[in-house]
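Undergrad: The structure follows.
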Amino acid sequence: MSGVASAAGGKTLAGYNFAYLDEQTKRMIRSAILTAVAIPGHQIPFGSREMPLPYGWGTGGIQVTASIIGADDTLKVIDQGADDTTNAVSIRRFFSKTAGVRTTESTREATIIQTRHRIPEAPLAEGQILVYQVPIPEPLRWLEPREVETRKMHALSEYGPMHVQLYEQIATFGRIAATYDYPVMVHGRYLMRPSPIPKFDNPKMDRNPALQLFGAGREKRIYAVPPYTSVKSLDFDDHPFSVESWEHCCGLCGAGASYLDEIVIDDKGGRMFVCSDTDFCTQRQAQGFRGPLNSEAAE
Amino acid sequence: MPVFEIGPMGAGFSDPVQHSQAIFRCVLESMARPGVRKDIPAMPYAPPPLNAASTAVALTLLDDSTPVWLDGAADTSKVREFLAFHCGCPIADRSGEATFAIVAGPMPSLDRFDFGSDEFPENSTTVIVQVAALETGSDICFAGPGIEDFAFMGDPGLTDGFWREWSDMGALYPCGVDLILTAQHRIACMPRSVRRIEAGRTAATERKPD
Amino acid sequence: MYVAVKGGERAIENAHKLLAEERRGDPATPEIALSQIDEQLSLAVDRVMTEGSLYDRALAALAIKQARGDLIEAIFLLRAYRTTLTRFGASDPIDTAKMTIRRRISATYKDLPGGQVLGPTFDYTHRLLDFSLADEAAPALAAEVPAEPGSAMPRVADLLNQEGLIEEEAPGEDAAVGDVTRNAMTLPANRDVRLQLLARGDEGFVLALGYSTQRGYGRNHPFAGEIRLGEVAVEFTPPELGFPVTIGEITVTECQMINQFKGSAERPPQFTRGYGISFGHCERKTMAMANVDRALRADDLGEEVTAPAQDEEFVLYHCDNVEASGFVQHLKLPHYVDFQSELDIVRRLRADFEARRTGEAAE
Ligand SMILES: [Zn+2]
């Protein structure tokens, strides 16, 4: 059995090291993270481990979080923007069980936020770390399935084919049809996949005061965007980058500028729209904001 | 199974799991925000001539998978014994083959180290450099990822020749080396992406990359 | 009034309880013992150990029980446990020439030193359901105890080697053997890394690829030079001692395929090898693995790479069932943020389309 759970932390899982990973694995991942930070947007191969959660379910993000987290951290985990989705609950439980750390649903209170598919609506601050779960890290993968080739393209900054692909969408559809996992250029050098966040969230990555770390477990890659680093979504002068928008505001808190989930409420075409970021929505309601479908819920 | 005897090699971390995590976060924050200086918690022992911060970083990042090169000053029997016992890291004979390097004397020429390649820029050396001081000041001005506009620090005592080489290395980006500067119990980092801005150039003349 | 779905935590706990109930089945049926799985579902244990990369029959049996017989799930359980284990060192390479043989067959020679030993095999059984096994008290048949096999059971490949007819497989240079469980693979991969990935690879996937090479997709004319099953000693050389110490014994299956090779500018015509190995008795897997190993050597041997089984990147990136299972099944996770993003664009594109059509109609 490996390691010894530390008495300095909260209660941890008997028989396993603090935060599950053994110290040698953490060292390897930590070195990969440091190099990733030094080369923003570049994917660093790492010796990804089998985790007790399936590949594709956040093992990359979990390994990154397990390698950085300490006993005095406060962890928030979201999936689709929500703290209460089953996979977010499962990952949060994993860390409270193996690291005994404090968890929170509040974006502001968290020192580490692990996320799948969203960036919180509330602005992040210096000192916070946002850990993304990444299914496919390679932005050129749909253009070129071979790793040997895509590595060369990155080495040569050969990103023309990606522009061509977006331009073909404009030629076919009259607009760029890419929606989530919308490609970005980091620090003017590396093309990067932001993970499957909606393009709505792309502008939040640009010059964000928080450190952004990306972990792809199955594909065994780690990459990073340091604070205040330039992150630009690809676009064209005549077709500038634009984000999703809704004719509705949030039915619960009335927010008009948050990313909305569409909820089917009957089989007659009835829909309602609510914030995807549950903490953001709850905070607004606590401040007294009300959406059109939430008049009586004040009490 | 081999059984290790605890020898008189000087103490390492009393709580390796929590201490190495805390020190890693100091290194991570200073690597992510060049110019930021972090004080690491007190160390029980540092093998001369290593300072407390270099020792802590070595205990945190080195192991049997990371060959380390020692410059003439750092290559003492005390350092070798300490690293062998606490980290188990192999000592590299040539600086170009090392994953990490520890420099306790004058900074050698940067091109002694592995810069990685265009395809694998990550296969480069991370150099732990013991410098004279890491104080606040305005002698050195940095720009680059991790820095909102400009970051300033006091003169760490690196030579003009070093700064010229650092500037030349920038042209090879993403190839290059990353530095972890240490002075007593303090660290600051210089990832390869950071540029030194010459004195006299102002925010108005310096354009940030987009 | 809409109330957001809450209670993920409770739902998960409940799902775990239901799973435990399903696993147990009818409590009137006695709980299955790990020793029963180990002894009576031994080939399942062998497969889980092989693809789980951990030789521990009891843990593999536990994983199979916990996974309700889902072997890929059991492999996953074993791997996730294995990765937490501290490494004390690497054992010396096992020597299969010194194997205590229980089964040894060659398709290339009628007879050879040591002879053909059928051992425990399904090969010549008629696949008729044996209803006597339905009786839980089925009598055990005592097999004729074979004479103690002679010590001389040389490997067929070594016999061919005496004439220089088959390529030499010398141990590598000093370069350390790769470890796919510790380091990310980089391409092109060396044969050590390929063989590790194939040994851990999904039996079904490797079988299908090995099969494809026999149907002309990267044909390489295999002969089953030898398949051997038995026990080998595992030795470890502690650095402080400097000599090997036996730390245990494991069962392995090894397959050496012999493949024709017409020669190239650098090499004379000779036979080449494809190699397969597994923990326990996984004969189908080792044979298929040997086919794929040989196919993946196409590039090294200067053969044209045309078929999937010869495509290193394709084979190595897709042969792992724990990775594949996780990623295919992750499609169950919520994707409604991305789907909303897609809805947004499809609605816009439809509006564009409608506007264009109305515009055209108006002209
Ligand atoms: Zn809302």
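Order determines the names: the first chain of the structure tokens is A, the second B, and so forth; residues in each chain are numbered 1 upward, and ligands are numbered 1 upward as they are shown.
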Using only C-alpha atoms and all ligand atoms, determine which residues fall within 8 Å of ligand 1, then list them as a list in words.
TA: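 Listed by chain and ascending number, the contacts are Cys249, Cys250, Gly251, Leu252, Cys253, Gly254, Ala255, Ser258, Leu260, Val274, Cys275, Ser276, Asp277, Thr278, Phe280, Cys281, Thr282, Arg284, Gln285 and Gly291 of chain A.
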Undergrad: Would you save the residues of that selection, restricted to all heavy atoms, as a short mmCIF file (atom, residue, chain, number, x, y, z; two decimals), in the first residue's frame?
TA:
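Saved as selection27.cif:
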data_model
loop_
_atom_site.label_atom_id
_atom_site.label_comp_id
_atom_site.auth_asym_id
_atom_site.auth_seq_id
_atom_site.Cartn_x
_atom_site.Cartn_y
_atom_site.Cartn_z
N CYS A 249 -34.40 36.07 -20.74
CA CYS A 249 -33.48 36.17 -19.62
C CYS A 249 -33.71 34.94 -18.75
O CYS A 249 -34.59 34.12 -19.03
CB CYS A 249 -33.71 37.45 -18.81
SG CYS A 249 -35.35 37.51 -18.07
N CYS A 250 -32.93 34.77 -17.69
CA CYS A 250 -33.09 33.62 -16.81
C CYS A 250 -34.46 33.68 -16.14
O CYS A 250 -34.83 34.70 -15.56
CB CYS A 250 -31.98 33.61 -15.76
SG CYS A 250 -32.26 32.40 -14.46
N GLY A 251 -35.20 32.59 -16.21
CA GLY A 251 -36.53 32.54 -15.62
C GLY A 251 -36.51 32.65 -14.11
O GLY A 251 -37.51 33.03 -13.50
N LEU A 252 -35.41 32.31 -13.49
CA LEU A 252 -35.35 32.31 -12.03
C LEU A 252 -34.79 33.61 -11.46
O LEU A 252 -35.31 34.16 -10.50
CB LEU A 252 -34.51 31.13 -11.53
CG LEU A 252 -35.04 29.74 -11.90
CD1 LEU A 252 -34.11 28.66 -11.35
CD2 LEU A 252 -36.46 29.52 -11.37
N CYS A 253 -33.66 34.10 -12.06
CA CYS A 253 -33.00 35.27 -11.46
C CYS A 253 -33.04 36.48 -12.38
O CYS A 253 -32.61 37.55 -12.00
CB CYS A 253 -31.55 34.95 -11.09
SG CYS A 253 -30.42 34.95 -12.50
N GLY A 254 -33.55 36.32 -13.59
CA GLY A 254 -33.70 37.45 -14.49
C GLY A 254 -32.42 37.89 -15.16
O GLY A 254 -32.41 38.90 -15.87
N ALA A 255 -31.31 37.15 -14.96
CA ALA A 255 -30.05 37.56 -15.58
C ALA A 255 -30.20 37.60 -17.09
O ALA A 255 -30.78 36.69 -17.69
CB ALA A 255 -28.93 36.60 -15.18
N SER A 258 -26.19 35.86 -18.93
CA SER A 258 -25.53 34.60 -18.52
C SER A 258 -25.86 33.53 -19.55
O SER A 258 -26.78 33.68 -20.36
CB SER A 258 -26.01 34.18 -17.12
OG SER A 258 -27.36 33.77 -17.19
N LEU A 260 -27.53 30.27 -20.76
CA LEU A 260 -28.78 29.68 -20.29
C LEU A 260 -28.93 28.22 -20.72
O LEU A 260 -28.53 27.84 -21.82
CB LEU A 260 -29.97 30.49 -20.84
CG LEU A 260 -30.01 31.97 -20.43
CD1 LEU A 260 -31.21 32.67 -21.06
CD2 LEU A 260 -30.06 32.11 -18.90
N VAL A 274 -32.97 28.93 -17.92
CA VAL A 274 -32.39 29.25 -16.60
C VAL A 274 -30.87 29.26 -16.72
O VAL A 274 -30.29 28.63 -17.60
CB VAL A 274 -32.81 28.24 -15.51
CG1 VAL A 274 -34.31 28.26 -15.29
CG2 VAL A 274 -32.35 26.84 -15.88
N CYS A 275 -30.24 29.97 -15.78
CA CYS A 275 -28.78 30.05 -15.78
C CYS A 275 -28.19 28.65 -15.72
O CYS A 275 -28.60 27.82 -14.92
CB CYS A 275 -28.27 30.82 -14.57
SG CYS A 275 -28.70 32.55 -14.56
N SER A 276 -27.16 28.41 -16.53
CA SER A 276 -26.43 27.15 -16.43
C SER A 276 -25.55 27.16 -15.19
O SER A 276 -25.34 26.12 -14.56
CB SER A 276 -25.61 26.95 -17.71
OG SER A 276 -24.28 26.65 -17.45
N ASP A 277 -25.07 28.34 -14.79
CA ASP A 277 -24.22 28.47 -13.60
C ASP A 277 -25.14 28.57 -12.37
O ASP A 277 -25.69 29.62 -12.09
CB ASP A 277 -23.34 29.71 -13.75
CG ASP A 277 -22.37 29.90 -12.59
OD1 ASP A 277 -22.66 29.41 -11.48
OD2 ASP A 277 -21.33 30.54 -12.81
N THR A 278 -25.28 27.47 -11.66
CA THR A 278 -26.25 27.42 -10.56
C THR A 278 -25.85 28.34 -9.41
O THR A 278 -26.70 28.96 -8.77
CB THR A 278 -26.40 25.98 -10.03
OG1 THR A 278 -25.11 25.42 -9.82
CG2 THR A 278 -27.18 25.12 -11.00
N PHE A 280 -24.14 31.17 -9.63
CA PHE A 280 -24.41 32.53 -10.07
C PHE A 280 -25.90 32.86 -9.91
O PHE A 280 -26.28 33.90 -9.39
CB PHE A 280 -23.99 32.65 -11.54
CG PHE A 280 -24.28 33.97 -12.18
CD1 PHE A 280 -23.46 35.07 -11.93
CD2 PHE A 280 -25.35 34.11 -13.06
CE1 PHE A 280 -23.72 36.29 -12.54
CE2 PHE A 280 -25.60 35.33 -13.67
CZ PHE A 280 -24.79 36.43 -13.41
N CYS A 281 -26.75 31.92 -10.31
CA CYS A 281 -28.20 32.12 -10.27
C CYS A 281 -28.68 32.22 -8.82
O CYS A 281 -29.46 33.09 -8.47
CB CYS A 281 -28.89 30.96 -10.99
SG CYS A 281 -30.61 31.28 -11.40
N THR A 282 -28.16 31.32 -7.97
CA THR A 282 -28.56 31.31 -6.57
C THR A 282 -28.14 32.61 -5.88
O THR A 282 -28.91 33.20 -5.11
CB THR A 282 -27.90 30.12 -5.84
OG1 THR A 282 -28.08 28.96 -6.64
CG2 THR A 282 -28.51 29.89 -4.48
N ARG A 284 -27.68 35.51 -7.23
CA ARG A 284 -28.52 36.62 -7.70
C ARG A 284 -29.89 36.59 -7.01
O ARG A 284 -30.42 37.62 -6.62
CB ARG A 284 -28.69 36.56 -9.21
CG ARG A 284 -27.52 37.19 -9.97
CD ARG A 284 -27.73 37.10 -11.47
NE ARG A 284 -29.01 37.68 -11.88
CZ ARG A 284 -29.18 38.97 -12.18
NH1 ARG A 284 -28.17 39.80 -12.10
NH2 ARG A 284 -30.37 39.41 -12.54
N GLN A 285 -30.44 35.39 -6.88
CA GLN A 285 -31.74 35.29 -6.23
C GLN A 285 -31.63 35.72 -4.76
O GLN A 285 -32.53 36.37 -4.23
CB GLN A 285 -32.28 33.87 -6.33
CG GLN A 285 -32.67 33.50 -7.78
CD GLN A 285 -33.15 32.06 -7.90
OE1 GLN A 285 -34.18 31.70 -7.35
NE2 GLN A 285 -32.39 31.25 -8.59
N GLY A 291 -36.59 36.37 -11.76
CA GLY A 291 -36.91 36.21 -13.16
C GLY A 291 -38.41 36.16 -13.34
O GLY A 291 -39.16 36.08 -12.36
#
Undergrad: Counting only C-alpha atoms, collect the residues of chain A whose closest atom lies at most 7 Å from chain C, and write them out as a VMD selection string.
TA: chain A and resid 1 to 2 21 to 22 45 to 52 54 to 57 80 84 to 86 89 117 148 173 177 179 to 180 196 to 198 218 220 244 261 to 262 293
Undergrad: Could you build a table of the residues in chain B lying no more than 9 Å from chain A, giving for each the nearest pair of atoms and their separation in Å rounded to one decimal place, using only C-alpha atoms, ordered by chain and ascending residue number, as JSON lines?
TA:
{"residue": "B:Asp15", "atom": "CA", "partner": "A:Ser6", "partner_atom": "CA", "distance": 7.4}
{"residue": "B:Pro16", "atom": "CA", "partner": "A:Glu23", "partner_atom": "CA", "distance": 8.7}
{"residue": "B:Val17", "atom": "CA", "partner": "A:Ser6", "partner_atom": "CA", "distance": 6.8}
{"residue": "B:Gln18", "atom": "CA", "partner": "A:Gly70", "partner_atom": "CA", "distance": 6.8}
{"residue": "B:Ser20", "atom": "CA", "partner": "A:Arg27", "partner_atom": "CA", "distance": 8.9}
{"residue": "B:Gln21", "atom": "CA", "partner": "A:Gly70", "partner_atom": "CA", "distance": 6.2}
{"residue": "B:Ala22", "atom": "CA", "partner": "A:Gly70", "partner_atom": "CA", "distance": 7.0}
{"residue": "B:Phe24", "atom": "CA", "partner": "A:Arg30", "partner_atom": "CA", "distance": 7.4}
{"residue": "B:Arg25", "atom": "CA", "partner": "A:Ile68", "partner_atom": "CA", "distance": 6.8}
{"residue": "B:Val27", "atom": "CA", "partner": "A:Leu34", "partner_atom": "CA", "distance": 8.1}
{"residue": "B:Leu28", "atom": "CA", "partner": "A:Leu34", "partner_atom": "CA", "distance": 6.2}
{"residue": "B:Glu29", "atom": "CA", "partner": "A:Gly127", "partner_atom": "CA", "distance": 7.7}
{"residue": "B:Met31", "atom": "CA", "partner": "A:Leu34", "partner_atom": "CA", "distance": 6.8}
{"residue": "B:Ala32", "atom": "CA", "partner": "A:Pro226", "partner_atom": "CA", "distance": 5.2}
{"residue": "B:Arg33", "atom": "CA", "partner": "A:Pro227", "partner_atom": "CA", "distance": 7.0}
{"residue": "B:Thr60", "atom": "CA", "partner": "A:Arg27", "partner_atom": "CA", "distance": 7.2}
{"residue": "B:Leu61", "atom": "CA", "partner": "A:Arg27", "partner_atom": "CA", "distance": 5.8}
{"residue": "B:Leu62", "atom": "CA", "partner": "A:Arg27", "partner_atom": "CA", "distance": 7.7}
{"residue": "B:Asp63", "atom": "CA", "partner": "A:Gln24", "partner_atom": "CA", "distance": 7.5}
{"residue": "B:Ser65", "atom": "CA", "partner": "A:Met28", "partner_atom": "CA", "distance": 8.6}
{"residue": "B:Ser117", "atom": "CA", "partner": "A:Ala155", "partner_atom": "CA", "distance": 8.5}
{"residue": "B:Asp118", "atom": "CA", "partner": "A:Ala155", "partner_atom": "CA", "distance": 4.9}
{"residue": "B:Glu119", "atom": "CA", "partner": "A:Ala155", "partner_atom": "CA", "distance": 4.9}
{"residue": "B:Phe120", "atom": "CA", "partner": "A:Ala155", "partner_atom": "CA", "distance": 8.2}
{"residue": "B:Pro121", "atom": "CA", "partner": "A:Ile39", "partner_atom": "CA", "distance": 8.2}
{"residue": "B:Glu122", "atom": "CA", "partner": "A:Thr35", "partner_atom": "CA", "distance": 6.3}
{"residue": "B:Ser124", "atom": "CA", "partner": "A:Thr35", "partner_atom": "CA", "distance": 8.9}
{"residue": "B:Thr126", "atom": "CA", "partner": "A:Thr35", "partner_atom": "CA", "distance": 8.7}
{"residue": "B:Gly144", "atom": "CA", "partner": "A:Thr229", "partner_atom": "CA", "distance": 7.7}
{"residue": "B:Pro145", "atom": "CA", "partner": "A:Thr229", "partner_atom": "CA", "distance": 4.8}
{"residue": "B:Gly146", "atom": "CA", "partner": "A:Pro227", "partner_atom": "CA", "distance": 4.5}
{"residue": "B:Ile147", "atom": "CA", "partner": "A:Tyr228", "partner_atom": "CA", "distance": 5.9}
{"residue": "B:Glu148", "atom": "CA", "partner": "A:Tyr228", "partner_atom": "CA", "distance": 5.3}
{"residue": "B:Asp149", "atom": "CA", "partner": "A:Tyr228", "partner_atom": "CA", "distance": 8.5}
{"residue": "B:Tyr173", "atom": "CA", "partner": "A:Ile39", "partner_atom": "CA", "distance": 8.6}
{"residue": "B:Pro174", "atom": "CA", "partner": "A:Ile39", "partner_atom": "CA", "distance": 6.5}
{"residue": "B:Cys175", "atom": "CA", "partner": "A:Ile39", "partner_atom": "CA", "distance": 8.9}
{"residue": "B:Asp178", "atom": "CA", "partner": "A:Ala38", "partner_atom": "CA", "distance": 7.0}
{"residue": "B:Met190", "atom": "CA", "partner": "A:Ala38", "partner_atom": "CA", "distance": 8.4}
{"residue": "B:Pro191", "atom": "CA", "partner": "A:Ala38", "partner_atom": "CA", "distance": 4.8}
{"residue": "B:Arg192", "atom": "CA", "partner": "A:Ala38", "partner_atom": "CA", "distance": 6.1}
{"residue": "B:Ser193", "atom": "CA", "partner": "A:Ala38", "partner_atom": "CA", "distance": 6.1}
{"residue": "B:Val194", "atom": "CA", "partner": "A:Ala38", "partner_atom": "CA", "distance": 8.6}
{"residue": "B:Pro209", "atom": "CA", "partner": "A:Gly188", "partner_atom": "CA", "distance": 6.8}
{"residue": "B:Asp210", "atom": "CA", "partner": "A:Ser230", "partner_atom": "CA", "distance": 5.8}
Undergrad: Pull the alpha helix (DSSP H) assignments for segment 17-266 of chain A out of DSSP run on the backbone, and list those residues as a PyMOL selection string.
TA: chain A and resi 23-38+59-68+86-98+147-155+160-173+202-205
Undergrad: Using only C-alpha atoms, find which residues of chain C lie within 8 Å of chain B and jot them down as a VMD selection string.
TA: chain C and resid 88 238 240
Undergrad: Can you write out the residues you just picked, keeping N, CA, C and O atoms, as a short mmCIF file (atom, residue, chain, number, x, y, z; two decimals), in the first residue's frame?
TA:
data_model
loop_
_atom_site.label_atom_id
_atom_site.label_comp_id
_atom_site.auth_asym_id
_atom_site.auth_seq_id
_atom_site.Cartn_x
_atom_site.Cartn_y
_atom_site.Cartn_z
N PHE C 88 8.98 -1.07 -5.93
CA PHE C 88 10.22 -1.32 -5.22
C PHE C 88 11.36 -1.60 -6.19
O PHE C 88 12.52 -1.52 -5.83
N PRO C 238 18.34 -7.46 -6.04
CA PRO C 238 18.43 -6.24 -5.22
C PRO C 238 19.79 -5.59 -5.43
O PRO C 238 20.81 -6.29 -5.45
N GLU C 240 21.64 -3.97 -3.61
CA GLU C 240 22.64 -4.13 -2.54
C GLU C 240 23.21 -5.55 -2.50
O GLU C 240 24.24 -5.79 -1.89
#
Undergrad: Can you list, as a count of residues only, every residue of segment 69-287 of chain C that DSSP puts in strand (DSSP E)?
TA: 44
